[in-house]
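Q: Below: one structure in structure tokens.
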Amino acid sequence: RLCRETRSTASAGRRLALPRTPMVSVLLQRLSYTPPPWASALAAPTHGRIKLGHLPTPLMRWACGALSELGVRWSIKRDDLSGNELSGNKVRKLEFLMAEAVAGGHDCVVTIGGVQSNHCRATAAAARLVGLDAHLILLVRDKSFGDEPGLQGNLLLDRLLGATLHLCSGSDYLRQGGDLAAMNRINEQVAAELRRQGRVPYIVPVGGTTPLGTWGYLSAVEELRQQLQPEEGAAAAAEARVRERRR
């Protein structure tokens, strides 16, 4: 077999129940999505998005003296506050991808990444939130392929989230091409095995980088544009007051 499967204790025979609280119901709402006016020529996502992140994230001004002297205003978009288990801006893509997975009647998701992949961890968290099982294909060094992967870093979180881990050795990955196309092939091979078991997998490419996932960042641009409007208005008013005082 290409990959060696190691199953998390949390996923064996049971699902994690979501608490029935107002906060959870708000966060897990399926929302329709209307593209911003500047992107209206693009085909809108058919299934909208499922609210998984704490959005919009704040825009924080950065007081940097060297930049101020140059007349540059610098701000930081705090996507690190979108929800820790969902890895910052990754939740933006996953909101659209999970909406499509749920609408399509899929019962699990399959994705691929390095052994400490933040993307894989975020996908496992998103899948668990919407009630889907997560199958994570993790690329490992040949010398570690036959060993228990352990509980360090994201591996611990992957297991706590109930993900099933499929280990793929570096040499097998290289034999398949050692590139993005190889990752897509390995994703499909694991998904095919799940279909033979009667499952209905939804494949998420490495990084969640798909045309559908791109809508997460288009919506982030619109979010940022709206946040900058009041700031730009305030800056213009301040400049006008300075000019008035100089007269």
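Ligands are numbered from 1 in the order shown, chains are lettered A, B, ... in the order of the structure tokens, and residues start at 1 in each chain.
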Pull the closest atom pair for each residue of range 70-136 of chain A that gets at most 7 Å from range 172-196 of chain A, along with the distance in Å to one decimal, counting only C-alpha atoms, ordering rows by chain and then ascending residue number, as a tab-separated table.
A:
residue	atom	partner	partner_atom	distance
A:Val110	CA	A:Asn187	CA	6.6
A:Thr111	CA	A:Asn187	CA	6.2
A:Ile112	CA	A:Asn187	CA	6.5
Q: Let me see the file: selected residues, N, CA, C and O atoms, as a PDB file, in the first residue's frame.
A:
ATOM      1  N   VAL A 110     -10.584  14.355   2.662  1.00  0.00           N
ATOM      2  CA  VAL A 110      -9.227  13.832   2.498  1.00  0.00           C
ATOM      3  C   VAL A 110      -8.338  14.990   2.065  1.00  0.00           C
ATOM      4  O   VAL A 110      -8.680  15.727   1.136  1.00  0.00           O
ATOM      5  N   THR A 111      -7.206  15.153   2.742  1.00  0.00           N
ATOM      6  CA  THR A 111      -6.251  16.171   2.316  1.00  0.00           C
ATOM      7  C   THR A 111      -4.853  15.698   2.641  1.00  0.00           C
ATOM      8  O   THR A 111      -4.648  14.671   3.288  1.00  0.00           O
ATOM      9  N   ILE A 112      -3.849  16.462   2.192  1.00  0.00           N
ATOM     10  CA  ILE A 112      -2.460  16.017   2.267  1.00  0.00           C
ATOM     11  C   ILE A 112      -1.554  17.173   2.664  1.00  0.00           C
ATOM     12  O   ILE A 112      -1.847  18.335   2.379  1.00  0.00           O
TER      13      ILE A 112
END
Q: Could you pull out all residues of range 33-173 of chain A with a DSSP call of helix (DSSP H, G or I) and give them as a compact mmCIF listing (two decimals) with N, CA and C atoms, in the first residue's frame?
A:
# COMPACT_ATOMS: atom_id res chain seq x y z
N PRO A 37 -19.31 43.94 -5.30
CA PRO A 37 -19.60 44.51 -6.63
C PRO A 37 -18.44 44.40 -7.60
N TRP A 38 -17.22 44.57 -7.12
CA TRP A 38 -16.06 44.54 -8.02
C TRP A 38 -15.75 43.12 -8.51
N ALA A 39 -16.40 42.09 -7.92
CA ALA A 39 -16.20 40.71 -8.37
C ALA A 39 -17.49 40.11 -8.90
N GLY A 65 7.93 54.16 13.91
CA GLY A 65 8.49 55.50 13.75
C GLY A 65 9.15 55.73 12.41
N ALA A 66 9.92 54.76 11.93
CA ALA A 66 10.63 54.93 10.66
C ALA A 66 9.65 55.11 9.51
N LEU A 67 8.53 54.38 9.55
CA LEU A 67 7.54 54.53 8.49
C LEU A 67 6.79 55.84 8.59
N SER A 68 6.52 56.28 9.84
CA SER A 68 5.82 57.55 10.03
C SER A 68 6.62 58.71 9.44
N GLU A 69 7.93 58.65 9.60
CA GLU A 69 8.79 59.71 9.05
C GLU A 69 8.70 59.75 7.53
N ASP A 79 -5.55 38.22 11.14
CA ASP A 79 -6.21 36.94 10.87
C ASP A 79 -5.77 35.86 11.85
N ASP A 80 -4.75 36.16 12.68
CA ASP A 80 -4.39 35.21 13.73
C ASP A 80 -5.49 35.11 14.79
N LEU A 81 -6.46 36.03 14.75
CA LEU A 81 -7.56 36.02 15.70
C LEU A 81 -8.82 35.36 15.13
N ASN A 84 -8.00 29.89 16.78
CA ASN A 84 -6.67 29.28 16.85
C ASN A 84 -6.58 27.92 16.17
N GLU A 85 -7.58 27.05 16.40
CA GLU A 85 -7.47 25.69 15.84
C GLU A 85 -7.63 25.68 14.33
N LEU A 86 -8.04 26.81 13.74
CA LEU A 86 -8.25 26.88 12.29
C LEU A 86 -7.15 27.65 11.58
N LYS A 90 -6.44 30.41 7.03
CA LYS A 90 -6.89 29.18 6.37
C LYS A 90 -8.39 28.95 6.52
N VAL A 91 -8.97 29.47 7.58
CA VAL A 91 -10.41 29.29 7.79
C VAL A 91 -11.20 29.95 6.67
N ARG A 92 -10.65 30.96 6.04
CA ARG A 92 -11.38 31.67 4.98
C ARG A 92 -11.68 30.72 3.81
N LYS A 93 -10.69 29.94 3.42
CA LYS A 93 -10.91 28.96 2.34
C LYS A 93 -11.83 27.84 2.81
N LEU A 94 -11.59 27.39 4.04
CA LEU A 94 -12.31 26.21 4.52
C LEU A 94 -13.81 26.49 4.69
N GLU A 95 -14.20 27.72 4.94
CA GLU A 95 -15.64 28.03 5.04
C GLU A 95 -16.36 27.67 3.74
N PHE A 96 -15.75 27.96 2.61
CA PHE A 96 -16.36 27.66 1.32
C PHE A 96 -16.22 26.17 0.97
N LEU A 97 -15.07 25.60 1.26
CA LEU A 97 -14.85 24.19 0.93
C LEU A 97 -15.75 23.27 1.74
N MET A 98 -15.91 23.55 3.05
CA MET A 98 -16.77 22.71 3.87
C MET A 98 -18.23 22.86 3.48
N ALA A 99 -18.63 24.04 3.04
CA ALA A 99 -20.01 24.23 2.59
C ALA A 99 -20.30 23.34 1.38
N GLU A 100 -19.35 23.25 0.47
CA GLU A 100 -19.53 22.39 -0.71
C GLU A 100 -19.53 20.92 -0.30
N ALA A 101 -18.66 20.55 0.64
CA ALA A 101 -18.58 19.15 1.09
C ALA A 101 -19.90 18.71 1.72
N VAL A 102 -20.46 19.54 2.58
CA VAL A 102 -21.71 19.20 3.26
C VAL A 102 -22.86 19.15 2.25
N ALA A 103 -22.93 20.16 1.37
CA ALA A 103 -24.01 20.21 0.39
C ALA A 103 -23.95 19.02 -0.57
N ASN A 118 0.04 22.64 9.11
CA ASN A 118 -1.02 23.47 9.68
C ASN A 118 -2.30 23.34 8.87
N HIS A 119 -2.15 23.22 7.55
CA HIS A 119 -3.33 23.06 6.70
C HIS A 119 -4.10 21.80 7.07
N CYS A 120 -3.39 20.70 7.27
CA CYS A 120 -4.08 19.45 7.62
C CYS A 120 -4.79 19.59 8.96
N ARG A 121 -4.13 20.20 9.92
CA ARG A 121 -4.76 20.39 11.22
C ARG A 121 -6.02 21.25 11.10
N ALA A 122 -5.91 22.34 10.33
CA ALA A 122 -7.06 23.23 10.16
C ALA A 122 -8.20 22.52 9.46
N THR A 123 -7.89 21.70 8.46
CA THR A 123 -8.92 20.96 7.74
C THR A 123 -9.61 19.96 8.66
N ALA A 124 -8.82 19.28 9.51
CA ALA A 124 -9.41 18.34 10.47
C ALA A 124 -10.35 19.05 11.42
N ALA A 125 -9.97 20.24 11.88
CA ALA A 125 -10.82 21.01 12.79
C ALA A 125 -12.11 21.44 12.09
N ALA A 126 -11.98 21.94 10.86
CA ALA A 126 -13.16 22.39 10.11
C ALA A 126 -14.10 21.22 9.83
N ALA A 127 -13.54 20.08 9.43
CA ALA A 127 -14.36 18.90 9.15
C ALA A 127 -15.11 18.46 10.39
N ARG A 128 -14.42 18.42 11.52
CA ARG A 128 -15.06 18.00 12.76
C ARG A 128 -16.20 18.94 13.14
N LEU A 129 -16.01 20.23 12.92
CA LEU A 129 -17.06 21.19 13.26
C LEU A 129 -18.34 20.97 12.46
N ASP A 142 11.53 8.55 5.15
CA ASP A 142 11.56 7.09 5.02
C ASP A 142 11.91 6.41 6.34
N LYS A 143 12.89 6.95 7.05
CA LYS A 143 13.34 6.30 8.28
C LYS A 143 12.28 6.33 9.37
N SER A 144 11.26 7.22 9.23
CA SER A 144 10.19 7.31 10.22
C SER A 144 8.92 6.60 9.78
N ASN A 154 1.42 19.49 15.87
CA ASN A 154 0.12 19.30 15.22
C ASN A 154 -0.36 17.86 15.23
N LEU A 155 0.56 16.90 15.39
CA LEU A 155 0.14 15.50 15.46
C LEU A 155 -0.77 15.27 16.66
N LEU A 156 -0.48 15.93 17.77
CA LEU A 156 -1.34 15.80 18.94
C LEU A 156 -2.72 16.38 18.64
N LEU A 157 -2.75 17.55 18.01
CA LEU A 157 -4.03 18.19 17.70
C LEU A 157 -4.81 17.38 16.66
N ASP A 158 -4.11 16.83 15.67
CA ASP A 158 -4.78 15.98 14.68
C ASP A 158 -5.50 14.82 15.37
N ARG A 159 -4.83 14.22 16.34
CA ARG A 159 -5.40 13.07 17.05
C ARG A 159 -6.56 13.50 17.95
N LEU A 160 -6.39 14.63 18.64
CA LEU A 160 -7.47 15.12 19.50
C LEU A 160 -8.72 15.43 18.69
N GLY A 170 8.55 9.53 2.07
CA GLY A 170 9.13 10.47 1.12
C GLY A 170 9.50 9.81 -0.19
N SER A 171 10.00 8.57 -0.14
CA SER A 171 10.39 7.89 -1.37
C SER A 171 9.19 7.57 -2.25
N ASP A 172 8.05 7.20 -1.63
CA ASP A 172 6.83 6.96 -2.41
C ASP A 172 6.34 8.25 -3.06
N TYR A 173 6.42 9.33 -2.30
CA TYR A 173 6.03 10.63 -2.84
C TYR A 173 6.90 11.01 -4.03
Q: From the set A:Pro36, A:Gly114, A:Val109, A:Val140, which residue has the shortest atom-to-atom contact distance to Leu224 in chain A, counting only C-alpha atoms?
A: A:Pro36
Q: Which residues are near Lys51 in chain A? Cut-off 9 Å, only C-alpha atoms, ignore same chain within fewer than 6 positions. Put them as a VMD selection string.
A: chain A and resid 26 to 31 95 to 96
Q: Rank nothing, just name the residue among A:Cys3, A:Ala163, A:Val206, A:Ile76 nearest to Phe145 in chain A, using only C-alpha atoms.
A: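 Closest candidate: A:Cys3.
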Q: Mind checking DSSP for range 60-166 of chain A and telling me the strand (DSSP E or B) residues as a PDB file with all heavy atoms, in the first residue's frame?
A:
ATOM      1  N   MET A  60      -5.322  46.420  12.680  1.00  0.00           N
ATOM      2  CA  MET A  60      -4.594  47.101  13.742  1.00  0.00           C
ATOM      3  C   MET A  60      -3.526  48.015  13.153  1.00  0.00           C
ATOM      4  O   MET A  60      -2.692  47.591  12.362  1.00  0.00           O
ATOM      5  CB  MET A  60      -3.938  46.059  14.666  1.00  0.00           C
ATOM      6  CG  MET A  60      -3.249  46.636  15.876  1.00  0.00           C
ATOM      7  SD  MET A  60      -2.446  45.341  16.859  1.00  0.00           S
ATOM      8  CE  MET A  60      -0.957  45.060  15.883  1.00  0.00           C
ATOM      9  N   ARG A  61      -3.568  49.289  13.539  1.00  0.00           N
ATOM     10  CA  ARG A  61      -2.529  50.217  13.113  1.00  0.00           C
ATOM     11  C   ARG A  61      -1.216  49.861  13.785  1.00  0.00           C
ATOM     12  O   ARG A  61      -1.169  49.523  14.960  1.00  0.00           O
ATOM     13  CB  ARG A  61      -2.928  51.650  13.479  1.00  0.00           C
ATOM     14  CG  ARG A  61      -4.055  52.235  12.675  1.00  0.00           C
ATOM     15  CD  ARG A  61      -3.648  52.511  11.245  1.00  0.00           C
ATOM     16  NE  ARG A  61      -2.574  53.475  11.163  1.00  0.00           N
ATOM     17  CZ  ARG A  61      -2.760  54.793  11.183  1.00  0.00           C
ATOM     18  NH1 ARG A  61      -3.977  55.299  11.280  1.00  0.00           N
ATOM     19  NH2 ARG A  61      -1.739  55.611  11.091  1.00  0.00           N
ATOM     20  N   SER A  75      -0.739  49.046   8.585  1.00  0.00           N
ATOM     21  CA  SER A  75      -1.726  48.329   9.387  1.00  0.00           C
ATOM     22  C   SER A  75      -1.522  46.831   9.223  1.00  0.00           C
ATOM     23  O   SER A  75      -0.999  46.362   8.209  1.00  0.00           O
ATOM     24  CB  SER A  75      -3.160  48.695   8.974  1.00  0.00           C
ATOM     25  OG  SER A  75      -3.393  50.076   9.165  1.00  0.00           O
ATOM     26  N   ILE A  76      -1.946  46.070  10.241  1.00  0.00           N
ATOM     27  CA  ILE A  76      -1.830  44.618  10.227  1.00  0.00           C
ATOM     28  C   ILE A  76      -3.225  44.020  10.310  1.00  0.00           C
ATOM     29  O   ILE A  76      -4.004  44.367  11.201  1.00  0.00           O
ATOM     30  CB  ILE A  76      -0.979  44.113  11.407  1.00  0.00           C
ATOM     31  CG1 ILE A  76       0.431  44.699  11.335  1.00  0.00           C
ATOM     32  CG2 ILE A  76      -0.920  42.581  11.412  1.00  0.00           C
ATOM     33  CD1 ILE A  76       1.273  44.382  12.550  1.00  0.00           C
ATOM     34  N   LYS A  77      -3.562  43.143   9.368  1.00  0.00           N
ATOM     35  CA  LYS A  77      -4.842  42.435   9.389  1.00  0.00           C
ATOM     36  C   LYS A  77      -4.671  41.219  10.295  1.00  0.00           C
ATOM     37  O   LYS A  77      -3.928  40.296   9.984  1.00  0.00           O
ATOM     38  CB  LYS A  77      -5.220  41.997   7.968  1.00  0.00           C
ATOM     39  CG  LYS A  77      -6.633  41.435   7.875  1.00  0.00           C
ATOM     40  CD  LYS A  77      -7.645  42.546   7.791  1.00  0.00           C
ATOM     41  CE  LYS A  77      -9.005  42.027   7.336  1.00  0.00           C
ATOM     42  NZ  LYS A  77      -9.897  41.734   8.460  1.00  0.00           N
ATOM     43  N   CYS A 108     -16.808  12.490   4.645  1.00  0.00           N
ATOM     44  CA  CYS A 108     -15.448  12.648   5.147  1.00  0.00           C
ATOM     45  C   CYS A 108     -14.667  13.529   4.177  1.00  0.00           C
ATOM     46  O   CYS A 108     -15.089  13.747   3.038  1.00  0.00           O
ATOM     47  CB  CYS A 108     -14.762  11.292   5.325  1.00  0.00           C
ATOM     48  SG  CYS A 108     -14.635  10.306   3.816  1.00  0.00           S
ATOM     49  N   VAL A 109     -13.549  14.045   4.641  1.00  0.00           N
ATOM     50  CA  VAL A 109     -12.669  14.837   3.790  1.00  0.00           C
ATOM     51  C   VAL A 109     -11.289  14.180   3.774  1.00  0.00           C
ATOM     52  O   VAL A 109     -10.878  13.537   4.743  1.00  0.00           O
ATOM     53  CB  VAL A 109     -12.554  16.308   4.266  1.00  0.00           C
ATOM     54  CG1 VAL A 109     -13.905  16.989   4.259  1.00  0.00           C
ATOM     55  CG2 VAL A 109     -11.921  16.382   5.650  1.00  0.00           C
ATOM     56  N   VAL A 110     -10.584  14.355   2.662  1.00  0.00           N
ATOM     57  CA  VAL A 110      -9.227  13.832   2.498  1.00  0.00           C
ATOM     58  C   VAL A 110      -8.338  14.990   2.065  1.00  0.00           C
ATOM     59  O   VAL A 110      -8.680  15.727   1.136  1.00  0.00           O
ATOM     60  CB  VAL A 110      -9.173  12.722   1.424  1.00  0.00           C
ATOM     61  CG1 VAL A 110      -7.733  12.235   1.232  1.00  0.00           C
ATOM     62  CG2 VAL A 110     -10.088  11.567   1.784  1.00  0.00           C
ATOM     63  N   THR A 111      -7.206  15.153   2.742  1.00  0.00           N
ATOM     64  CA  THR A 111      -6.251  16.171   2.316  1.00  0.00           C
ATOM     65  C   THR A 111      -4.853  15.698   2.641  1.00  0.00           C
ATOM     66  O   THR A 111      -4.648  14.671   3.288  1.00  0.00           O
ATOM     67  CB  THR A 111      -6.558  17.539   2.936  1.00  0.00           C
ATOM     68  OG1 THR A 111      -5.836  18.557   2.211  1.00  0.00           O
ATOM     69  CG2 THR A 111      -6.167  17.593   4.411  1.00  0.00           C
ATOM     70  N   ILE A 112      -3.849  16.462   2.192  1.00  0.00           N
ATOM     71  CA  ILE A 112      -2.460  16.017   2.267  1.00  0.00           C
ATOM     72  C   ILE A 112      -1.554  17.173   2.664  1.00  0.00           C
ATOM     73  O   ILE A 112      -1.847  18.335   2.379  1.00  0.00           O
ATOM     74  CB  ILE A 112      -2.019  15.418   0.904  1.00  0.00           C
ATOM     75  CG1 ILE A 112      -0.643  14.774   1.000  1.00  0.00           C
ATOM     76  CG2 ILE A 112      -2.073  16.465  -0.194  1.00  0.00           C
ATOM     77  CD1 ILE A 112      -0.255  13.965  -0.237  1.00  0.00           C
ATOM     78  N   GLY A 113      -0.460  16.848   3.321  1.00  0.00           N
ATOM     79  CA  GLY A 113       0.524  17.855   3.707  1.00  0.00           C
ATOM     80  C   GLY A 113       1.685  17.201   4.437  1.00  0.00           C
ATOM     81  O   GLY A 113       1.768  15.980   4.559  1.00  0.00           O
ATOM     82  N   GLY A 114       2.583  18.022   4.940  1.00  0.00           N
ATOM     83  CA  GLY A 114       3.710  17.533   5.720  1.00  0.00           C
ATOM     84  C   GLY A 114       3.259  16.992   7.064  1.00  0.00           C
ATOM     85  O   GLY A 114       2.121  17.212   7.491  1.00  0.00           O
ATOM     86  N   ASP A 133     -15.763  13.239   9.011  1.00  0.00           N
ATOM     87  CA  ASP A 133     -14.501  12.628   9.419  1.00  0.00           C
ATOM     88  C   ASP A 133     -13.370  13.205   8.570  1.00  0.00           C
ATOM     89  O   ASP A 133     -13.570  13.576   7.414  1.00  0.00           O
ATOM     90  CB  ASP A 133     -14.548  11.114   9.219  1.00  0.00           C
ATOM     91  CG  ASP A 133     -15.540  10.436  10.161  1.00  0.00           C
ATOM     92  OD1 ASP A 133     -15.772  10.977  11.260  1.00  0.00           O
ATOM     93  OD2 ASP A 133     -16.082   9.375   9.787  1.00  0.00           O
ATOM     94  N   ALA A 134     -12.189  13.247   9.157  1.00  0.00           N
ATOM     95  CA  ALA A 134     -11.021  13.784   8.447  1.00  0.00           C
ATOM     96  C   ALA A 134      -9.990  12.682   8.240  1.00  0.00           C
ATOM     97  O   ALA A 134      -9.639  11.963   9.180  1.00  0.00           O
ATOM     98  CB  ALA A 134     -10.408  14.940   9.225  1.00  0.00           C
ATOM     99  N   HIS A 135      -9.510  12.562   7.010  1.00  0.00           N
ATOM    100  CA  HIS A 135      -8.420  11.646   6.675  1.00  0.00           C
ATOM    101  C   HIS A 135      -7.251  12.503   6.195  1.00  0.00           C
ATOM    102  O   HIS A 135      -7.346  13.173   5.166  1.00  0.00           O
ATOM    103  CB  HIS A 135      -8.850  10.656   5.591  1.00  0.00           C
ATOM    104  CG  HIS A 135      -9.834   9.656   6.076  1.00  0.00           C
ATOM    105  ND1 HIS A 135      -9.484   8.367   6.441  1.00  0.00           N
ATOM    106  CD2 HIS A 135     -11.187   9.748   6.290  1.00  0.00           C
ATOM    107  CE1 HIS A 135     -10.557   7.710   6.855  1.00  0.00           C
ATOM    108  NE2 HIS A 135     -11.604   8.518   6.764  1.00  0.00           N
ATOM    109  N   LEU A 136      -6.164  12.481   6.961  1.00  0.00           N
ATOM    110  CA  LEU A 136      -5.008  13.323   6.682  1.00  0.00           C
ATOM    111  C   LEU A 136      -3.850  12.461   6.179  1.00  0.00           C
ATOM    112  O   LEU A 136      -3.429  11.523   6.858  1.00  0.00           O
ATOM    113  CB  LEU A 136      -4.574  14.071   7.948  1.00  0.00           C
ATOM    114  CG  LEU A 136      -5.664  14.833   8.706  1.00  0.00           C
ATOM    115  CD1 LEU A 136      -5.061  15.515   9.928  1.00  0.00           C
ATOM    116  CD2 LEU A 136      -6.356  15.845   7.800  1.00  0.00           C
ATOM    117  N   ILE A 137      -3.364  12.777   4.992  1.00  0.00           N
ATOM    118  CA  ILE A 137      -2.196  12.085   4.432  1.00  0.00           C
ATOM    119  C   ILE A 137      -0.972  12.922   4.786  1.00  0.00           C
ATOM    120  O   ILE A 137      -0.837  14.070   4.343  1.00  0.00           O
ATOM    121  CB  ILE A 137      -2.314  11.940   2.914  1.00  0.00           C
ATOM    122  CG1 ILE A 137      -3.644  11.269   2.541  1.00  0.00           C
ATOM    123  CG2 ILE A 137      -1.147  11.153   2.355  1.00  0.00           C
ATOM    124  CD1 ILE A 137      -3.986  11.376   1.063  1.00  0.00           C
ATOM    125  N   LEU A 138      -0.111  12.369   5.598  1.00  0.00           N
ATOM    126  CA  LEU A 138       1.053  13.103   6.089  1.00  0.00           C
ATOM    127  C   LEU A 138       2.329  12.506   5.494  1.00  0.00           C
ATOM    128  O   LEU A 138       2.568  11.305   5.583  1.00  0.00           O
ATOM    129  CB  LEU A 138       1.111  13.040   7.615  1.00  0.00           C
ATOM    130  CG  LEU A 138      -0.147  13.539   8.351  1.00  0.00           C
ATOM    131  CD1 LEU A 138       0.046  13.424   9.854  1.00  0.00           C
ATOM    132  CD2 LEU A 138      -0.483  14.975   7.953  1.00  0.00           C
ATOM    133  N   LEU A 139       3.125  13.369   4.878  1.00  0.00           N
ATOM    134  CA  LEU A 139       4.383  12.935   4.282  1.00  0.00           C
ATOM    135  C   LEU A 139       5.459  12.854   5.363  1.00  0.00           C
ATOM    136  O   LEU A 139       5.673  13.820   6.103  1.00  0.00           O
ATOM    137  CB  LEU A 139       4.809  13.919   3.190  1.00  0.00           C
ATOM    138  CG  LEU A 139       3.774  14.191   2.092  1.00  0.00           C
ATOM    139  CD1 LEU A 139       4.299  15.227   1.104  1.00  0.00           C
ATOM    140  CD2 LEU A 139       3.400  12.907   1.367  1.00  0.00           C
ATOM    141  N   VAL A 140       6.125  11.694   5.458  1.00  0.00           N
ATOM    142  CA  VAL A 140       7.143  11.489   6.486  1.00  0.00           C
ATOM    143  C   VAL A 140       8.429  10.982   5.845  1.00  0.00           C
ATOM    144  O   VAL A 140       8.418  10.450   4.731  1.00  0.00           O
ATOM    145  CB  VAL A 140       6.664  10.481   7.561  1.00  0.00           C
ATOM    146  CG1 VAL A 140       5.420  10.980   8.255  1.00  0.00           C
ATOM    147  CG2 VAL A 140       6.401   9.113   6.944  1.00  0.00           C
ATOM    148  N   THR A 164      -8.076  10.466  11.101  1.00  0.00           N
ATOM    149  CA  THR A 164      -7.364   9.254  10.732  1.00  0.00           C
ATOM    150  C   THR A 164      -6.131   9.675   9.935  1.00  0.00           C
ATOM    151  O   THR A 164      -6.249  10.408   8.949  1.00  0.00           O
ATOM    152  CB  THR A 164      -8.242   8.324   9.880  1.00  0.00           C
ATOM    153  OG1 THR A 164      -9.381   7.932  10.645  1.00  0.00           O
ATOM    154  CG2 THR A 164      -7.476   7.084   9.461  1.00  0.00           C
ATOM    155  N   LEU A 165      -4.967   9.229  10.367  1.00  0.00           N
ATOM    156  CA  LEU A 165      -3.718   9.630   9.736  1.00  0.00           C
ATOM    157  C   LEU A 165      -3.243   8.543   8.779  1.00  0.00           C
ATOM    158  O   LEU A 165      -3.183   7.365   9.145  1.00  0.00           O
ATOM    159  CB  LEU A 165      -2.648   9.890  10.800  1.00  0.00           C
ATOM    160  CG  LEU A 165      -3.043  10.831  11.955  1.00  0.00           C
ATOM    161  CD1 LEU A 165      -1.849  11.044  12.882  1.00  0.00           C
ATOM    162  CD2 LEU A 165      -3.591  12.156  11.438  1.00  0.00           C
ATOM    163  N   HIS A 166      -2.891   8.932   7.567  1.00  0.00           N
ATOM    164  CA  HIS A 166      -2.332   8.027   6.567  1.00  0.00           C
ATOM    165  C   HIS A 166      -0.910   8.514   6.304  1.00  0.00           C
ATOM    166  O   HIS A 166      -0.718   9.615   5.774  1.00  0.00           O
ATOM    167  CB  HIS A 166      -3.143   8.063   5.270  1.00  0.00           C
ATOM    168  CG  HIS A 166      -4.591   7.741   5.450  1.00  0.00           C
ATOM    169  ND1 HIS A 166      -5.129   6.505   5.161  1.00  0.00           N
ATOM    170  CD2 HIS A 166      -5.628   8.505   5.893  1.00  0.00           C
ATOM    171  CE1 HIS A 166      -6.428   6.509   5.406  1.00  0.00           C
ATOM    172  NE2 HIS A 166      -6.758   7.715   5.853  1.00  0.00           N
TER     173      HIS A 166
END
Q: Between A:Ser87, A:Ser169, A:Ser32, A:Gln226, which has the minimum distance to Ala44 in chain A (counting only C-alpha atoms)?
A: A:Ser32
Q: Do a neighbour search on His106 in chain A at 6 Å with only C-alpha atoms, toss out local chain neighbours closer than 5 positions, and write the hits as a VMD selection string.
A: chain A and resid 101 200 to 202
Q: Quick one: write out the picked residues with C-alpha atoms as a PDB file, in the first residue's frame?
A:
ATOM      1  CA  ALA A 101     -18.585  19.154   1.086  1.00  0.00           C
ATOM      2  CA  VAL A 200     -18.154   9.457   0.181  1.00  0.00           C
ATOM      3  CA  PRO A 201     -14.929  11.479   0.464  1.00  0.00           C
ATOM      4  CA  TYR A 202     -14.474  15.143  -0.409  1.00  0.00           C
TER       5      TYR A 202
END
Q: Please indicate the distance in Å from CA of Gly216 in chain A to CA of Gly105 in chain A, rounded to one decimal place.
A: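 Taking CA of Gly216 in chain A and CA of Gly105 in chain A, their separation equals 21.7 Å.
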